[in-house]
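Engineer: Input structure: coords_29.txt, which contains compact mmCIF, C-alpha atoms.
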```txt
# COMPACT_ATOMS: atom_id res chain seq x y z
CA MET A 966 -10.77 23.50 7.79
CA THR A 967 -7.17 22.31 8.00
CA THR A 968 -8.31 19.10 9.69
CA ILE A 969 -11.03 18.53 7.08
CA LEU A 970 -8.53 19.09 4.24
CA GLY A 971 -6.16 16.65 5.90
CA LEU A 972 -8.90 14.02 6.11
CA LEU A 973 -9.78 14.62 2.45
CA LEU A 974 -6.17 14.08 1.36
CA ILE A 975 -5.96 10.89 3.41
CA PHE A 976 -9.22 9.74 1.81
CA ILE A 977 -7.73 10.27 -1.66
CA GLY A 978 -4.74 8.20 -0.57
CA ALA A 979 -7.08 5.51 0.74
CA PHE A 980 -8.94 5.46 -2.58
CA SER A 981 -5.63 4.85 -4.34
CA SER A 982 -4.66 2.14 -1.85
CA GLY A 983 -8.06 0.44 -1.89
CA SER A 984 -7.99 0.37 -5.69
CA PHE A 985 -4.45 -0.88 -6.25
CA ALA A 986 -5.40 -4.58 -6.54
CA VAL A 987 -7.99 -3.95 -9.25
CA PRO A 988 -5.44 -3.97 -12.15
CA PHE A 989 -4.38 -7.50 -11.15
CA GLY A 990 -7.50 -8.67 -12.97
CA GLY A 991 -5.75 -7.74 -16.23
CA VAL A 992 -2.64 -9.84 -15.53
CA LYS A 993 -2.61 -13.04 -17.59
CA GLY A 994 -0.33 -16.05 -17.26
CA TRP A 995 1.88 -14.88 -14.41
CA LYS A 996 1.79 -16.61 -11.04
CA TRP A 997 1.38 -14.69 -7.78
CA GLU A 998 5.11 -14.43 -7.07
CA ASN A 999 5.76 -13.04 -10.58
CA TYR A 1000 3.21 -10.25 -10.55
CA TRP A 1001 3.83 -9.42 -6.88
CA LEU A 1002 7.55 -8.89 -7.53
CA SER A 1003 6.83 -6.79 -10.61
CA THR A 1004 4.36 -4.70 -8.62
CA GLY A 1005 6.90 -4.29 -5.83
CA LEU A 1006 9.53 -3.00 -8.25
CA PHE A 1007 7.23 -0.15 -9.22
CA SER A 1008 5.73 0.55 -5.78
CA PHE A 1009 8.85 0.15 -3.64
CA ILE A 1010 11.63 1.44 -5.92
CA ILE A 1011 10.75 3.17 -9.19
CA LEU A 1012 7.91 5.51 -8.20
CA PRO A 1013 9.29 6.46 -4.73
CA LEU A 1014 12.64 7.37 -6.30
CA ILE A 1015 11.01 9.44 -9.06
CA VAL A 1016 8.86 11.30 -6.51
CA CYS A 1017 11.88 12.09 -4.31
CA LEU A 1018 13.92 13.33 -7.26
CA LEU A 1019 11.05 15.58 -8.38
CA LEU A 1020 9.67 16.86 -5.08
CA VAL A 1021 12.50 16.74 -2.52
CA ASN A 1022 14.98 19.60 -2.56
CA ASN A 1023 18.64 18.47 -2.65
CA PHE A 1024 17.59 14.84 -2.24
CA GLY A 1025 21.12 13.43 -2.49
CA GLY A 1026 22.45 15.79 0.15
CA LEU A 1027 19.50 15.06 2.40
CA ILE A 1028 20.11 11.31 2.37
CA SER A 1029 23.79 11.83 3.16
CA ASN A 1030 22.82 13.85 6.24
CA VAL A 1031 20.61 11.10 7.69
CA SER A 1032 22.46 9.37 10.53
CA SER A 1033 23.27 5.70 10.00
CA SER A 1034 21.28 4.72 13.10
CA ASP A 1035 18.15 6.46 11.82
CA PHE A 1036 18.64 5.11 8.30
CA TRP A 1037 18.95 1.49 9.39
CA ALA A 1038 16.16 1.74 11.95
CA ILE A 1039 13.79 2.95 9.22
CA PHE A 1040 15.18 0.38 6.75
CA ILE A 1041 14.61 -2.48 9.21
CA MET A 1042 11.03 -1.34 9.88
CA GLY A 1043 10.53 -1.41 6.12
CA ALA A 1044 11.94 -4.94 5.89
CA VAL A 1045 9.57 -6.12 8.63
CA TYR A 1046 6.71 -4.38 6.84
CA GLY A 1047 7.81 -6.21 3.69
CA ILE A 1048 6.98 -9.52 5.36
CA GLY A 1049 3.59 -8.09 6.27
CA SER A 1050 3.01 -6.90 2.70
CA LEU A 1051 3.71 -10.43 1.46
CA THR A 1052 1.19 -11.94 3.86
CA PHE A 1053 -1.26 -9.18 2.87
CA GLY A 1054 -0.93 -10.26 -0.75
CA LEU A 1055 -1.55 -13.83 0.34
CA SER A 1056 -4.63 -12.84 2.34
CA MET A 1057 -6.19 -11.28 -0.78
CA ARG A 1058 -5.11 -14.30 -2.81
CA TYR A 1059 -6.81 -16.77 -0.45
CA LEU A 1060 -9.77 -14.68 0.81
CA GLY A 1061 -10.57 -12.21 -1.95
CA LEU A 1062 -10.53 -8.42 -2.01
CA SER A 1063 -13.27 -7.68 0.53
CA LEU A 1064 -12.51 -10.14 3.32
CA GLY A 1065 -8.74 -9.96 2.87
CA TYR A 1066 -8.73 -6.19 3.25
CA ALA A 1067 -11.14 -6.20 6.21
CA LEU A 1068 -9.20 -8.68 8.33
CA SER A 1069 -5.69 -7.51 7.44
CA LEU A 1070 -6.20 -3.77 7.60
CA GLY A 1071 -8.44 -4.00 10.65
CA LEU A 1072 -5.54 -5.31 12.71
CA MET A 1073 -3.12 -2.91 11.05
CA ALA A 1074 -5.35 0.01 12.05
CA ALA A 1075 -5.51 -1.02 15.70
CA ILE A 1076 -1.88 -1.95 16.19
CA GLY A 1077 -0.42 0.70 13.89
CA THR A 1078 -2.35 3.52 15.58
CA LEU A 1079 -1.78 2.61 19.22
CA VAL A 1080 1.75 1.17 19.29
CA PRO A 1081 3.73 4.33 18.26
CA PRO A 1082 2.37 6.56 21.05
CA ALA A 1083 2.77 3.70 23.51
CA LEU A 1084 6.46 3.40 22.62
CA ASP A 1085 7.38 7.09 22.50
CA GLY A 1086 5.49 8.23 25.61
CA ARG A 1087 2.58 10.03 23.97
CA PHE A 1088 -0.04 7.53 25.09
CA GLY A 1089 -0.41 9.33 28.40
CA MET A 1090 -1.76 12.46 26.76
CA LEU A 1091 -4.55 10.40 25.23
CA ILE A 1092 -5.64 9.37 28.69
CA ASP A 1093 -5.17 12.76 30.38
CA SER A 1094 -7.01 15.06 27.96
CA PHE A 1095 -10.56 15.29 26.66
CA ASN A 1096 -9.41 15.46 23.05
CA GLY A 1097 -7.15 12.47 23.60
CA ASN A 1098 -10.03 10.51 25.08
CA MET A 1099 -12.15 11.36 22.06
CA VAL A 1100 -9.37 10.12 19.76
CA LEU A 1101 -9.46 6.81 21.66
CA VAL A 1102 -13.25 6.75 21.33
CA GLY A 1103 -12.92 7.34 17.59
CA ILE A 1104 -10.40 4.51 17.31
CA LEU A 1105 -12.70 2.15 19.21
CA ILE A 1106 -15.70 3.10 17.07
CA SER A 1107 -13.66 2.48 13.93
CA LEU A 1108 -12.59 -0.92 15.24
CA VAL A 1109 -16.22 -1.82 15.93
CA GLY A 1110 -17.03 -0.96 12.32
CA ILE A 1111 -14.06 -2.97 11.09
CA ALA A 1112 -15.19 -5.94 13.18
CA GLY A 1113 -18.66 -5.61 11.67
CA ILE A 1114 -17.22 -5.69 8.16
CA ALA A 1115 -15.20 -8.78 9.05
CA ILE A 1116 -18.39 -10.45 10.31
CA ALA A 1117 -20.24 -9.50 7.14
CA GLY A 1118 -17.36 -10.79 5.05
CA TYR A 1119 -17.35 -14.07 6.95
CA GLN A 1120 -21.11 -14.48 6.55
CA LYS A 1121 -20.80 -13.70 2.86
CA ASP A 1122 -18.19 -16.42 2.55
CA GLN A 1123 -20.45 -18.92 4.31
CA PHE A 1124 -23.23 -18.24 1.79
CA ASN A 1125 -20.94 -19.03 -1.12
CA SER A 1126 -21.65 -22.51 -2.39
CA LYS A 1127 -19.17 -25.31 -1.88
CA LYS A 1128 -19.02 -25.64 -5.65
CA GLU A 1129 -17.80 -22.06 -6.00
CA LYS A 1130 -15.08 -22.68 -3.44
CA ASP A 1131 -13.99 -25.92 -5.08
CA GLU A 1132 -13.75 -24.20 -8.46
CA SER A 1133 -11.34 -21.63 -7.04
CA SER A 1134 -7.91 -23.23 -6.70
CA GLU A 1135 -6.73 -20.16 -4.80
CA PHE A 1136 -9.40 -20.13 -2.10
CA ASP A 1137 -8.25 -21.31 1.32
CA PHE A 1138 -10.02 -19.76 4.29
CA LYS A 1139 -7.63 -21.10 6.94
CA LYS A 1140 -4.50 -19.94 5.12
CA GLY A 1141 -6.12 -16.61 4.41
CA VAL A 1142 -6.99 -15.91 8.05
CA ILE A 1143 -3.47 -16.85 9.17
CA ALA A 1144 -2.01 -14.54 6.52
CA ALA A 1145 -4.33 -11.71 7.62
CA LEU A 1146 -3.34 -12.12 11.28
CA LEU A 1147 0.36 -12.03 10.38
CA THR A 1148 -0.27 -8.95 8.24
CA GLY A 1149 -1.91 -7.10 11.11
CA VAL A 1150 1.06 -7.68 13.39
CA LEU A 1151 3.97 -7.30 10.95
CA ALA A 1152 2.66 -4.55 8.67
CA SER A 1153 2.14 -2.21 11.63
CA ALA A 1154 5.91 -1.72 11.38
CA MET A 1155 5.08 0.74 8.60
CA SER A 1156 3.45 3.03 11.15
CA LEU A 1157 6.47 2.75 13.45
CA GLY A 1158 8.81 3.50 10.56
CA ILE A 1159 6.81 6.58 9.58
CA GLU A 1160 6.96 7.93 13.12
CA LYS A 1161 10.70 7.15 13.34
CA GLY A 1162 11.15 8.98 10.05
CA ASN A 1163 9.94 12.30 11.47
CA VAL A 1164 13.60 13.27 11.90
CA VAL A 1165 14.15 12.73 8.15
CA SER A 1166 11.02 14.74 7.34
CA ASN A 1167 12.37 17.60 9.45
CA LEU A 1168 15.65 17.51 7.53
CA ALA A 1169 13.69 17.66 4.28
CA VAL A 1170 11.80 20.74 5.43
CA GLU A 1171 15.05 22.39 6.57
CA SER A 1172 16.50 21.77 3.10
CA GLY A 1173 13.62 23.68 1.49
CA THR A 1174 11.20 20.86 0.67
CA ASN A 1175 7.49 21.62 0.85
CA PRO A 1176 6.23 20.13 4.17
CA LEU A 1177 3.46 18.34 2.24
CA PHE A 1178 6.10 16.17 0.54
CA SER A 1179 8.62 15.92 3.37
CA GLY A 1180 7.66 12.33 4.20
CA ASN A 1181 8.74 10.89 0.85
CA PRO A 1182 12.45 10.41 1.73
CA THR A 1183 11.39 8.34 4.75
CA MET A 1184 9.15 6.23 2.54
CA LEU A 1185 11.98 5.55 0.08
CA ILE A 1186 14.36 4.43 2.83
CA MET A 1187 11.71 2.21 4.37
CA LEU A 1188 10.57 0.73 1.05
CA LEU A 1189 14.14 -0.21 0.15
CA GLY A 1190 13.90 -2.64 3.06
CA THR A 1191 10.44 -3.72 1.93
CA PHE A 1192 11.67 -4.48 -1.58
CA LEU A 1193 14.60 -6.51 -0.24
CA THR A 1194 12.20 -8.77 1.68
CA THR A 1195 9.89 -9.02 -1.32
CA LEU A 1196 12.76 -9.83 -3.71
CA ILE A 1197 14.12 -12.60 -1.47
CA TRP A 1198 10.76 -14.30 -0.95
CA CYS A 1199 9.45 -13.99 -4.51
CA THR A 1200 12.74 -15.22 -5.95
CA TYR A 1201 12.61 -18.21 -3.61
CA LEU A 1202 9.06 -19.01 -4.76
CA MET A 1203 9.97 -18.62 -8.44
CA ILE A 1204 12.88 -21.05 -8.02
CA LYS A 1205 10.80 -23.47 -5.95
CA ASN A 1206 7.77 -23.37 -8.26
CA LYS A 1207 9.86 -23.02 -11.45
CA THR A 1208 7.88 -19.91 -12.42
CA LEU A 1209 10.81 -17.66 -13.33
CA VAL A 1210 10.17 -18.69 -16.92
CA GLU A 1211 6.75 -16.99 -16.75
CA PHE A 1212 8.44 -13.64 -17.43
CA LYS A 1213 9.43 -14.73 -20.95
CA LYS A 1214 7.03 -17.61 -21.61
CA TYR A 1215 4.25 -15.54 -23.13
CA SER A 1216 4.08 -13.26 -26.14
CA THR A 1217 5.51 -9.76 -26.05
CA ALA A 1218 2.00 -8.26 -26.06
CA ILE A 1219 0.92 -10.25 -23.01
CA SER A 1220 4.16 -9.50 -21.16
CA LEU A 1221 3.89 -5.78 -21.88
CA LYS A 1222 0.28 -5.76 -20.72
CA ASN A 1223 1.24 -7.57 -17.51
CA ILE A 1224 4.02 -5.05 -16.89
CA ALA A 1225 1.59 -2.21 -17.50
CA MET A 1226 -1.01 -3.66 -15.14
CA THR A 1227 1.48 -4.34 -12.35
CA GLY A 1228 3.03 -0.93 -12.94
CA LEU A 1229 -0.39 0.67 -12.53
CA ALA A 1230 -1.06 -1.38 -9.40
CA GLY A 1231 2.30 -0.43 -7.89
CA SER A 1232 1.81 3.23 -8.73
CA LEU A 1233 -1.65 3.30 -7.17
CA TRP A 1234 -0.27 1.66 -4.04
CA TYR A 1235 2.52 4.22 -3.62
CA LEU A 1236 0.38 7.24 -4.41
CA GLN A 1237 -1.47 6.62 -1.16
CA PHE A 1238 1.61 7.73 0.78
CA ILE A 1239 1.98 11.00 -1.12
CA PHE A 1240 -1.56 11.97 -0.13
CA PHE A 1241 -1.24 10.32 3.28
CA GLY A 1242 1.92 12.30 4.08
CA ALA A 1243 0.29 15.55 3.02
CA GLY A 1244 -2.87 14.82 5.03
CA LYS A 1245 -0.94 13.64 8.08
CA SER A 1246 0.94 16.95 8.23
CA MET A 1247 -2.41 18.69 8.82
CA LEU A 1248 -3.62 16.54 11.72
CA GLY A 1249 -1.98 18.36 14.63
CA GLN A 1250 -0.13 16.66 17.47
CA TYR A 1251 -1.96 13.33 17.13
CA THR A 1252 -0.30 12.49 13.84
CA PHE A 1253 -0.23 8.80 14.73
CA ALA A 1254 -4.04 8.74 14.35
CA ALA A 1255 -3.57 9.30 10.60
CA TRP A 1256 -2.54 5.67 10.15
CA GLY A 1257 -5.81 4.36 11.56
CA ILE A 1258 -7.77 6.81 9.41
CA LEU A 1259 -5.95 5.62 6.30
CA MET A 1260 -6.62 1.97 7.13
CA ALA A 1261 -10.31 2.57 7.84
CA PHE A 1262 -10.94 4.55 4.67
CA THR A 1263 -9.02 1.97 2.63
CA ILE A 1264 -11.27 -0.81 3.92
CA VAL A 1265 -14.31 1.22 2.89
CA ILE A 1266 -12.95 1.71 -0.64
CA ALA A 1267 -11.99 -1.96 -0.98
CA MET A 1268 -15.45 -3.05 0.14
CA LEU A 1269 -17.06 -0.71 -2.42
CA TRP A 1270 -14.84 -2.19 -5.13
CA GLY A 1271 -15.97 -5.62 -3.99
CA LEU A 1272 -19.57 -4.50 -4.50
CA PHE A 1273 -18.80 -3.07 -7.93
CA LYS A 1274 -17.10 -6.29 -9.02
CA GLY A 1275 -20.09 -8.35 -7.89
CA GLU A 1276 -18.43 -10.06 -4.92
CA TRP A 1277 -21.61 -9.49 -2.88
CA LYS A 1278 -24.09 -10.37 -5.62
CA GLY A 1279 -26.79 -12.73 -4.37
CA ILE A 1280 -25.76 -12.36 -0.72
CA PRO A 1281 -28.77 -12.10 1.69
CA SER A 1282 -29.91 -8.58 2.53
CA LYS A 1283 -29.19 -9.07 6.25
CA THR A 1284 -25.49 -9.59 5.58
CA ARG A 1285 -25.38 -6.64 3.18
CA LEU A 1286 -27.09 -4.47 5.82
CA ILE A 1287 -24.39 -5.40 8.35
CA MET A 1288 -21.78 -4.35 5.81
CA PHE A 1289 -23.36 -0.97 5.05
CA ILE A 1290 -23.91 -0.16 8.74
CA SER A 1291 -20.31 -1.11 9.46
CA LEU A 1292 -19.07 1.19 6.71
CA GLY A 1293 -21.03 4.05 8.27
CA VAL A 1294 -19.59 3.27 11.71
CA ILE A 1295 -16.04 3.41 10.32
CA ILE A 1296 -16.67 6.78 8.70
CA ILE A 1297 -18.10 8.19 11.95
CA GLY A 1298 -15.14 6.89 13.94
CA THR A 1299 -12.54 8.35 11.61
CA PHE A 1300 -14.18 11.78 11.61
CA ILE A 1301 -14.21 11.78 15.41
CA ILE A 1302 -10.48 11.06 15.33
CA GLY A 1303 -9.94 13.92 12.90
CA LEU A 1304 -12.12 16.48 14.69
CA PHE A 1305 -10.50 15.98 18.11
CA ASN A 1306 -6.86 15.57 17.09
CA ASN A 1307 -5.68 19.05 18.07
```
Would you mind writing the file's structure down as structure tokens?
Structural biologist:
Amino acid sequence: MTTILGLLLIFIGAFSSGSFAVPFGGVKGWKWENYWLSTGLFSFIILPLIVCLLLVNNFGGLISNVSSSDFWAIFIMGAVYGIGSLTFGLSMRYLGLSLGYALSLGLMAAIGTLVPPALDGRFGMLIDSFNGNMVLVGILISLVGIAGIAIAGYQKDQFNSKKEKDESSEFDFKKGVIAALLTGVLASAMSLGIEKGNVVSNLAVESGTNPLFSGNPTMLIMLLGTFLTTLIWCTYLMIKNKTLVEFKKYSTAISLKNIAMTGLAGSLWYLQFIFFGAGKSMLGQYTFAAWGILMAFTIVIAMLWGLFKGEWKGIPSKTRLIMFISLGVIIIGTFIIGLFNN
């Protein structure tokens, strides 16, 4: 039951993550770099700080007790992840919600799940135990499902008319694939940072913080690095493209609505980690498998949003069948990971 509850919490986090881009449809007038920086301010700074102040006991004292080596290691992982989050935003910009999520998060799931145990010596126990082997099987099954979704997304794109592509100034399949590949490699630093932050989580528990929320201080440290990367790149783009004026170009009503929409998007994005941290704490010794579960569930949610928004309308039934089967394969794989992770 503990494992099932952990999976449920991670699923809630995935729903939040897979839904975070939906409010962008309400942003008017701002260019990508403008609304991405505004979203980052909420998701990387404001909400994480509020959560830590509310849920972490003696937060200020806790941060002062984190060694400088641990702090900067987590911060640097966050900065690297920040580059990956930028390319993730570009992958959705150039490929759309469905295909961008499938390609980017598919690689993040594979790399982010397997690299931490490979680096800290836990990979051997996956090979030497039955449960560990089943976790690997679950990961492989999930990756097969993710590959199937990527194929379905590619086929869907091929069925789109050339006219539709030409009408979309943002669409660029080549740029989108490159961005997704970079995302898969760079954004896996988030998983490494979370594992490195276990020492901070332990300090939080020792200070009286509920174990369900002990991962939030790690997230704040890491996301400080993420915001720094985001701030540098978005500021560069706003200067280069002369879009800094977009923040004050439009009426107060439009600006407030844009702030509200990006604030909602940023909040949805960060909420995934509150539920993810709580669910991860219930997954036994194979906590690194939680990252792959989060990625897989998020892809499922994003694909369902794509259906709801009509991204798959008019696509041949064969391609839609591939997508639905792939979604089922991902769900089976993630439950195998969860059931054999203790």
Engineer: Compare A:Ile1039, A:Ile1280, A:Leu1292, A:Val1021 by their minimum atom-to-atom distance to Pro1176 of chain A, counting only C-alpha atoms, and give me the closest one.
Structural biologist: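 Distance minimum relative to Pro1176 of chain A lands on A:Val1021.
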Engineer: Taking into account only C-alpha atoms, which residue in the set A:Lys1161, A:Arg1058, A:Lys996, A:Lys1140 is nearest to Trp1037 of chain A?
Structural biologist: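 Among the listed residues, A:Lys1161 lies closest to Trp1037 of chain A.
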Engineer: I'd like to know which of A:Leu1064, A:Val1210, A:Leu1202, A:Ala986 is closest to Ala1112 of chain A, using all atoms listed in the file.
Structural biologist: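 With all atoms listed in the file as the atom set, the closest residue is A:Leu1064.
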Engineer: Counting all atoms listed in the file, figure out which residue out of A:Phe1192, A:Ile1159, A:Phe980, A:Trp1256 gets nearest to Leu1051 of chain A.
Structural biologist: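 Selected residue with least distance to Leu1051 of chain A: A:Phe1192.
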Engineer: From the list A:Gly1025, A:Thr1148, A:Ala1083, A:Lys1139, which residue is nearest Glu1160 of chain A when using only C-alpha atoms?
Structural biologist: A:Ala1083
Engineer: Can you tell me, as JSON, the centre and edge lengths (Å, one decimal) of the axis-aligned box enclosing all of segment 1187-1203 of chain A's listed atoms after padding each side by 3 Å?
Structural biologist:
```
{"center_x": 11.8, "center_y": -8.4, "center_z": -2.0, "size_x": 11.5, "size_y": 27.2, "size_z": 18.8}
```
Engineer: Please compute the atom CA of Met1247 of chain A-atom CA of Thr967 of chain A distance, one decimal, in Å.
Structural biologist: 6.0 Å
Engineer: Determine the nearest neighbour of Gly1244 of chain A from the options A:Gly1149, A:Gly971, A:Gly1054, A:Gly1275, counting all atoms listed in the file.
Structural biologist: A:Gly971
Engineer: Identify, on the basis of only C-alpha atoms, every residue whose closest approach to Ile1219 of chain A does not exceed 12 Å; exclude the query and any residue fewer than 6 positions from it along the same chain; express the result as a ChimeraX atom specification.
Structural biologist: /A:991-995,1211-1213,1225-1226
Engineer: Can you pull out the residues contacting Asn1023 of chain A? Cut-off 12 Å, using all atoms listed in the file, and skip same-chain residues under 3 positions away; I want them as a list in words.
Structural biologist: Cys1017, Leu1018, Leu1019, Leu1020, Gly1026, Leu1027, Ile1028, Ser1029, Asn1030, Leu1168, Ala1169, Val1170, Glu1171, Ser1172, Gly1173, Thr1174, Ser1179 and Pro1182 of chain A
Engineer: Show which residues sit within 12 Å of Val1016 of chain A, as a PyMOL selection string. Count all atoms listed in the file, and ignore same-chain residues fewer than 2 positions away.
Structural biologist: chain A and resi 1007-1014+1018-1022+1024+1178-1185+1232+1235-1236+1238-1239
Engineer: Quote the spacing between atom CA of Val1100 of chain A and atom CA of Ile969 of chain A in Å to one decimal place.
Structural biologist: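 Between these atoms lies a distance of 15.3 Å.
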Engineer: In Å, how far is it from atom CA of Leu1259 of chain A to atom CA of Lys1245 of chain A?
Structural biologist: 9.6 Å
Engineer: Find the spatial neighbours of Leu1272 of chain A, counting all atoms listed in the file, within a cut-off of 12 Å - ignore same-chain residues fewer than 3 positions away - and output them as a list in words.
Structural biologist: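 These residues fall inside the cut-off: Leu1062, Ser1063, Leu1064, Gly1118, Lys1121, Val1265, Ile1266, Ala1267, Met1268, Leu1269, Gly1275, Glu1276, Trp1277, Lys1278, Gly1279, Ile1280, Arg1285, Met1288 and Phe1289 of chain A.
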